[in-house]
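This report refers to the structure that appears directly beneath it.
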Amino acid sequence: MEDMRARAAVKGLLLNSQHISRATTFNRFFAAIYGAGLLALFYYHITSLLNSTSSGSFFLSVSLFISDAVLAFMWVNSQALRMYLLRRREYPANLKELLKKDSDFPALDVFICTADPYKEPPMNAVNTALSVMAYDYPTSKVSVYVSDDGGSAMTLFAFMVAAKFAAKWLPFCRENGIVDRNPNAFFRSKSNHDWNSETEEIKIMYEKMKIEVENICEKGMDELLNVKEECMAFNPWRTKSFTPKHHPPVIQVLLESSKNKDISGEALPNLIYVSRQKSLTSHHHFKAGALNTLLRVSTTMTNAPIILTLDCDVYSNDPQTPARALCYFLDPKLGNNLGYVQFPQRFHGVSKNDIYCVELLHVYIINEFGMDGLLGPTYVGTGCFFDRRGFFGGPSSLEFPELSKLSPNHVVERHIKSQEVLDLAHLVASCDYENNTEWGCKLGIKYGSLVEDFVTGYCLQSEGWRSVFCNPKRVAFCGDVPINLLDALNQIKRWSIGFLEVDFSKYNPITYGVRSMGLLMGLCYAHSAFWPAWCIPVTVYAFLPQLALINGIQIFPQVWDAWFVLYIFLFLGAYGQDLVEIIHAGGTFKKWWNDQRMWLIRAVSSFLFGCIEFTLKSLGINPNFGFNLTSKAMNEEQRKRYKQELFEFGVFSPMFVPITTAAIVNVASFVCGLIRIWKSGGAWEHLFAQMLVAGFGVVNCWPIYEAMALRNDEGKLPPKLTFFSISLALLLSYFVALFH
């Protein structure tokens, strides 16, 4: 790619442009005013602590002080994301002056990861693979590697069928200028009256393939092995010792670009199925281990300088996406320090107002803009183009792997089906290959945390690499969303545990990050890494003011007090800025409201339980939290309730307990507050702030009350969970009264 950059410099081609957002100036001005308000708040807290007259009032003051200190810490971290908001634009049309023939294009290796054919249906992965195989890119330069960490013959079968379908799908897309190159998305969005005979024929082929794959998945692996008895590709699964957690490496070349052609005579991309070796006695490092296996296997086979990583359910939505990435990789101004180009993760099938806040606009878009103005966005695990060289040390310090044929500079001279290449690929896919090597530490995707994507991007930037955030008007990648509350909360809980693993390691962003990347980038990473800390202030404000109100204890300034105005300013200022950012990122008021509600719900569930499970693990008590996949399989009844924007409970989960308990405590305290005001003859000034907090909680908890008492479907709250939460709320109120 260095030659291409030099040619671009000589020609003076404009491949991309950038500008600082006008919101940056406002953010800096607002940060100064809001920061002054926080200093005043801490002056108020200190005077309250010094003037405490009893152990009860001292406890209340300390609790509020700690909560506000955590909120202030997280606010300071968030300001680093608002200091340099950068906007970029690409000019892929100008690449034509630079890349005039197919041989000029850098090769592209695509990594697609799947792990469970039941939670991640194989057809999802097939659609993702077909969407990238059909890129507007020389097919001879594209290689797609599928990592099947579930070791499932059903997944292999799905891709064997997909390889045949690709021979007709790819030329159909090219010749008809199709933009939706995921066949499922194409046929879902295209109405019947727009179809011609060719489209109808392709649809029939696709539906036949889909039914064939789904039938095999429904009947199970035994049926597949019986039906395909003559197929040698399934021989590894015919041994009794083969299980998803214990099996040899399986590598199958399903398409070879130099030999396989589509119906128009054009070369098809390489398509390689990889299931790394598994052993019950070896630690496999979850997705990070799977990606490192693909990194090594692909080096032995194609060794493309550019790598795209995708989750199995995240398909490409724009065939021009690789060209947009090249607008940065081939830019001579960015030089050789560009490690990766991150595209935002977007989703299809989201409910109208995103009831579970699965779009995570702050994480995937707003925060990435802020980091792009510094050293670049973080890696979010999918939709990211890497320079392969970035996985082998810093820009100026190449870290050599243990085998020269695994080096990013290695030139592959044999075809991918040669025995020598396949033998080496099987060797580097074995479960004990990484023993006594630097893989997962100095080489490849980083180990040591459940958030391997976060740690990898963090470490790459610490080593001197920078990154770019590419957010084109047409969404580049679309993924599936969890459609029930428990899956949404479990996903965030898993991230919380991973972030805590980073916080309590040598890579803590406040120490290592600030030292290696500078203050602002360190704080940017700290904002994500300390997510679990949200559970402290939110839990305190979800229970303490309300329980105090039930027992007639005043903990906030009276409404006519100047300090009350300060509280209102800080509350409205934080929420107002958040609302403006969400709307500017393409959201709506209702989406913002659901976003802040889910932030509160996550804090008292996902973040809280993430902290508990991490603590237990640190003490040597394994609560068996492991790596739990978020299910992409759809239940029709759940899907219907999701579209109606009804919270999906249905099962008893410990994570629901604090949510429902908080809902009960808030409504009980609000009613008690009204009774106290009535009994006092209308004196409300001293209780108004607590009534405001409780009322805010009641409004946010409406979907929970609805699930408790107003619904009869399977997604309602289980009665025993409601009873348990009421008992816990009464117990908490009793302890506060006893303590006071």
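Each chain of the structure tokens is named A, B, ... in the order shown, its residues numbered from 1; ligands are numbered from 1 in display order.
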Inset, instruction - Find the residues near Val142 (chain A): any atom within 8 Å, counting only C-alpha atoms, skip ones fewer than 3 places away on the same chain, and give them as JSON, numbers by chain. - result: {"A": [107, 108, 109, 110, 133, 137, 138, 139, 269, 270]}
I need the residues from that last selection saved to file as a PDB file, in the first residue's frame (with N, CA and C atoms), if you can.
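And here's result-v3.pdb as it stands now:
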ATOM      1  N   ALA A 107      -5.298  -6.593  -1.466  1.00  0.00           N
ATOM      2  CA  ALA A 107      -6.151  -7.744  -1.144  1.00  0.00           C
ATOM      3  C   ALA A 107      -6.871  -7.508   0.184  1.00  0.00           C
ATOM      4  N   LEU A 108      -8.033  -8.143   0.329  1.00  0.00           N
ATOM      5  CA  LEU A 108      -8.879  -7.964   1.512  1.00  0.00           C
ATOM      6  C   LEU A 108      -9.268  -9.320   2.081  1.00  0.00           C
ATOM      7  N   ASP A 109      -8.948  -9.551   3.359  1.00  0.00           N
ATOM      8  CA  ASP A 109      -9.395 -10.742   4.084  1.00  0.00           C
ATOM      9  C   ASP A 109     -10.535 -10.340   5.015  1.00  0.00           C
ATOM     10  N   VAL A 110     -11.636 -11.066   4.938  1.00  0.00           N
ATOM     11  CA  VAL A 110     -12.802 -10.789   5.782  1.00  0.00           C
ATOM     12  C   VAL A 110     -12.949 -11.900   6.808  1.00  0.00           C
ATOM     13  N   MET A 133     -19.009 -10.875  -0.011  1.00  0.00           N
ATOM     14  CA  MET A 133     -18.483 -11.504  -1.230  1.00  0.00           C
ATOM     15  C   MET A 133     -18.912 -10.719  -2.466  1.00  0.00           C
ATOM     16  N   TYR A 137     -15.650  -4.767  -5.595  1.00  0.00           N
ATOM     17  CA  TYR A 137     -14.214  -4.945  -5.353  1.00  0.00           C
ATOM     18  C   TYR A 137     -13.786  -6.144  -6.184  1.00  0.00           C
ATOM     19  N   PRO A 138     -12.588  -6.142  -6.713  1.00  0.00           N
ATOM     20  CA  PRO A 138     -12.152  -7.300  -7.502  1.00  0.00           C
ATOM     21  C   PRO A 138     -12.302  -8.594  -6.698  1.00  0.00           C
ATOM     22  N   THR A 139     -13.121  -9.515  -7.186  1.00  0.00           N
ATOM     23  CA  THR A 139     -13.409 -10.726  -6.412  1.00  0.00           C
ATOM     24  C   THR A 139     -12.163 -11.579  -6.177  1.00  0.00           C
ATOM     25  N   PRO A 269     -14.831 -15.086  -4.967  1.00  0.00           N
ATOM     26  CA  PRO A 269     -13.899 -14.867  -3.851  1.00  0.00           C
ATOM     27  C   PRO A 269     -13.522 -16.192  -3.196  1.00  0.00           C
ATOM     28  N   ASN A 270     -12.388 -16.219  -2.513  1.00  0.00           N
ATOM     29  CA  ASN A 270     -12.040 -17.374  -1.696  1.00  0.00           C
ATOM     30  C   ASN A 270     -13.028 -17.455  -0.527  1.00  0.00           C
TER      31      ASN A 270
END
Inset, instruction - Check region 346-386 of chain A with DSSP on the backbone and list each residue it calls strand (DSSP E), as a count of residues only. - result: 5
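CA of Val657 (chain A) sits 21.2 Å away from CA of Gln638 (chain A).
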Inset, instruction - For Trp465 (chain A), work out the shell of residues within 6 Å, counting only C-alpha atoms and skipping chain neighbours fewer than 6 positions away, then give it as a PyMOL selection string. - result: chain A and resi 337-339
Inset, instruction - Please provide as a PyMOL selection string all residues within 8 Å of region 167-172 of chain A, with the sequence filter that same-chain residues fewer than 6 positions apart are discarded (counting only C-alpha atoms). - result: chain A and resi 133-134+178+202+261-264+268
Generate a file of the selected residues that holds all heavy atoms, formatted as a short mmCIF file (atom, residue, chain, number, x, y, z; two decimals), in the first residue's frame.
data_model
loop_
_atom_site.label_atom_id
_atom_site.label_comp_id
_atom_site.auth_asym_id
_atom_site.auth_seq_id
_atom_site.Cartn_x
_atom_site.Cartn_y
_atom_site.Cartn_z
N MET A 133 -19.01 -10.88 -0.01
CA MET A 133 -18.48 -11.50 -1.23
C MET A 133 -18.91 -10.72 -2.47
O MET A 133 -18.23 -10.73 -3.49
CB MET A 133 -18.97 -12.95 -1.33
CG MET A 133 -18.38 -13.89 -0.27
SD MET A 133 -19.20 -15.50 -0.22
CE MET A 133 -18.65 -16.22 -1.76
N ALA A 134 -20.04 -10.01 -2.36
CA ALA A 134 -20.58 -9.26 -3.49
C ALA A 134 -20.15 -7.79 -3.48
O ALA A 134 -20.76 -6.96 -4.16
CB ALA A 134 -22.11 -9.35 -3.48
N ILE A 178 -27.49 -3.88 -7.88
CA ILE A 178 -28.14 -4.08 -6.58
C ILE A 178 -27.29 -3.46 -5.47
O ILE A 178 -26.07 -3.64 -5.43
CB ILE A 178 -28.34 -5.59 -6.30
CG1 ILE A 178 -29.11 -6.25 -7.44
CG2 ILE A 178 -29.03 -5.80 -4.96
CD1 ILE A 178 -30.48 -5.68 -7.67
N ILE A 202 -34.02 -15.92 -8.84
CA ILE A 202 -33.02 -15.83 -7.77
C ILE A 202 -33.70 -15.99 -6.41
O ILE A 202 -33.17 -16.65 -5.51
CB ILE A 202 -32.27 -14.48 -7.84
CG1 ILE A 202 -31.43 -14.40 -9.11
CG2 ILE A 202 -31.39 -14.29 -6.61
CD1 ILE A 202 -30.24 -15.34 -9.13
N LYS A 261 -15.52 -20.23 -10.67
CA LYS A 261 -16.07 -19.08 -11.41
C LYS A 261 -17.57 -19.00 -11.18
O LYS A 261 -18.23 -20.01 -10.91
CB LYS A 261 -15.79 -19.22 -12.91
CG LYS A 261 -14.35 -19.53 -13.27
CD LYS A 261 -13.42 -18.39 -12.94
CE LYS A 261 -11.98 -18.73 -13.34
NZ LYS A 261 -11.04 -17.65 -12.96
N ASP A 262 -18.12 -17.79 -11.34
CA ASP A 262 -19.57 -17.65 -11.29
C ASP A 262 -20.15 -17.92 -12.68
O ASP A 262 -19.41 -18.23 -13.62
CB ASP A 262 -19.98 -16.27 -10.74
CG ASP A 262 -19.50 -15.12 -11.63
OD1 ASP A 262 -19.41 -15.31 -12.85
OD2 ASP A 262 -19.22 -14.03 -11.10
N ILE A 263 -21.45 -17.79 -12.83
CA ILE A 263 -22.09 -18.16 -14.10
C ILE A 263 -21.72 -17.22 -15.25
O ILE A 263 -21.92 -17.55 -16.42
CB ILE A 263 -23.63 -18.19 -13.96
CG1 ILE A 263 -24.16 -16.83 -13.51
CG2 ILE A 263 -24.05 -19.29 -12.99
CD1 ILE A 263 -25.68 -16.75 -13.53
N SER A 264 -21.15 -16.06 -14.92
CA SER A 264 -20.72 -15.13 -15.97
C SER A 264 -19.25 -15.31 -16.33
O SER A 264 -18.73 -14.60 -17.20
CB SER A 264 -20.98 -13.68 -15.53
OG SER A 264 -20.11 -13.34 -14.45
N LEU A 268 -14.77 -16.19 -8.40
CA LEU A 268 -15.47 -16.04 -7.13
C LEU A 268 -14.45 -15.77 -6.03
O LEU A 268 -13.28 -16.17 -6.14
CB LEU A 268 -16.24 -17.33 -6.80
CG LEU A 268 -17.54 -17.55 -7.58
CD1 LEU A 268 -18.02 -18.99 -7.41
CD2 LEU A 268 -18.61 -16.58 -7.10
#
Inset, instruction - Excluding Arg324 (chain A) and any residue of its chain fewer than 2 positions from it, enumerate the residues within 9 Å of it, using only C-alpha atoms, and give them as a list in words. - result: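 With the cut-off at 9 Å, the set is Leu15, Asn16, Glu90, Tyr91, Pro92, Gln320, Thr321, Pro322, Leu326, Cys327, Tyr328, Cys470 and Pro472 of chain A.
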Which residues of region 513-571 of chain A come within 9 Å of region 23-41 of chain A, and for each one, what is the closest pair of atoms and their distance in Å to one decimal, counting only C-alpha atoms, sorted by chain and residue number, as a tab-separated table?
residue	atom	partner	partner_atom	distance
A:Trp563	CA	A:Leu41	CA	8.0
A:Leu566	CA	A:Gly37	CA	6.9
A:Tyr567	CA	A:Leu41	CA	7.9
A:Phe569	CA	A:Gly37	CA	8.1
A:Leu570	CA	A:Gly37	CA	7.0
Legend entry - Spatial neighbours of Leu450 (chain A), 7 Å, only C-alpha atoms, chain gap at least 3 places, as a PyMOL selection string: chain A and resi 494-495+498
Keeping only N, CA and C atoms, take the residues you just selected and write them out as a PDB file, in the first residue's frame.
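Contents of out_16.pdb, freshly written:
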ATOM      1  N   ARG A 494     -22.011  -8.425  30.616  1.00  0.00           N
ATOM      2  CA  ARG A 494     -20.766  -9.034  30.133  1.00  0.00           C
ATOM      3  C   ARG A 494     -19.722  -7.958  29.849  1.00  0.00           C
ATOM      4  N   TRP A 495     -20.150  -6.859  29.228  1.00  0.00           N
ATOM      5  CA  TRP A 495     -19.217  -5.761  28.979  1.00  0.00           C
ATOM      6  C   TRP A 495     -18.700  -5.177  30.296  1.00  0.00           C
ATOM      7  N   GLY A 498     -15.976  -7.212  31.678  1.00  0.00           N
ATOM      8  CA  GLY A 498     -14.770  -6.992  30.876  1.00  0.00           C
ATOM      9  C   GLY A 498     -14.112  -5.664  31.191  1.00  0.00           C
TER      10      GLY A 498
END
Inset, instruction - Extract, using only C-alpha atoms, all DNA, RNA and protein residues at most 12 Å from region 55-58 of chain A, discarding same-chain residues fewer than 2 positions from it, and format them as a ChimeraX atom specification. - result: /A:45-53,60-65,548,553-556,735-740
Once you count only C-alpha atoms, what closest atom pair and distance in Å to one decimal does each residue of region 58-158 of chain A within 9 Å of region 502-522 of chain A have, with rows by chain and rising residue number, as a Markdown table?
| residue | atom | partner | partner_atom | distance |
| --- | --- | --- | --- | --- |
| A:Asn77 | CA | A:Leu520 | CA | 8.2 |
| A:Gln79 | CA | A:Leu520 | CA | 8.7 |
| A:Ala80 | CA | A:Leu520 | CA | 5.2 |
| A:Leu81 | CA | A:Leu520 | CA | 7.9 |
| A:Met83 | CA | A:Leu520 | CA | 8.7 |
Export N, CA and C atoms of the chosen residues as a PDB file, in the first residue's frame?
ATOM      1  N   ASN A  77     -14.774  12.633  32.580  1.00  0.00           N
ATOM      2  CA  ASN A  77     -14.344  11.728  31.511  1.00  0.00           C
ATOM      3  C   ASN A  77     -15.100  12.009  30.208  1.00  0.00           C
ATOM      4  N   GLN A  79     -16.288  14.744  29.137  1.00  0.00           N
ATOM      5  CA  GLN A  79     -15.924  16.012  28.487  1.00  0.00           C
ATOM      6  C   GLN A  79     -14.759  15.846  27.512  1.00  0.00           C
ATOM      7  N   ALA A  80     -13.908  14.856  27.785  1.00  0.00           N
ATOM      8  CA  ALA A  80     -12.811  14.590  26.851  1.00  0.00           C
ATOM      9  C   ALA A  80     -13.349  14.185  25.483  1.00  0.00           C
ATOM     10  N   LEU A  81     -14.543  13.576  25.473  1.00  0.00           N
ATOM     11  CA  LEU A  81     -15.170  13.150  24.221  1.00  0.00           C
ATOM     12  C   LEU A  81     -15.834  14.296  23.480  1.00  0.00           C
ATOM     13  N   MET A  83     -14.426  17.606  23.354  1.00  0.00           N
ATOM     14  CA  MET A  83     -13.504  18.723  23.141  1.00  0.00           C
ATOM     15  C   MET A  83     -13.113  18.908  21.681  1.00  0.00           C
TER      16      MET A  83
END
Inset, instruction - Pick out the closest residue to Pro703 (chain A) from this set: A:Leu616, A:Val559, A:Leu443, A:Leu485. Count only C-alpha atoms. - result: A:Leu485
Inset, instruction - Rank nothing, just name the residue among A:Ile216, A:Ala290, A:Leu71, A:Ala93 nearest to Ser147 (chain A), using only C-alpha atoms. - result: A:Ala290
Inset, instruction - Please indicate the distance in Å from CA of Arg181 (chain A) to CA of Ala158 (chain A), rounded to one decimal place. - result: 17.8 Å
Legend entry - Best match for closeness to Ala488 (chain A) among A:Tyr44, A:Phe649, A:Phe614, A:Phe234, counting only C-alpha atoms: A:Phe649
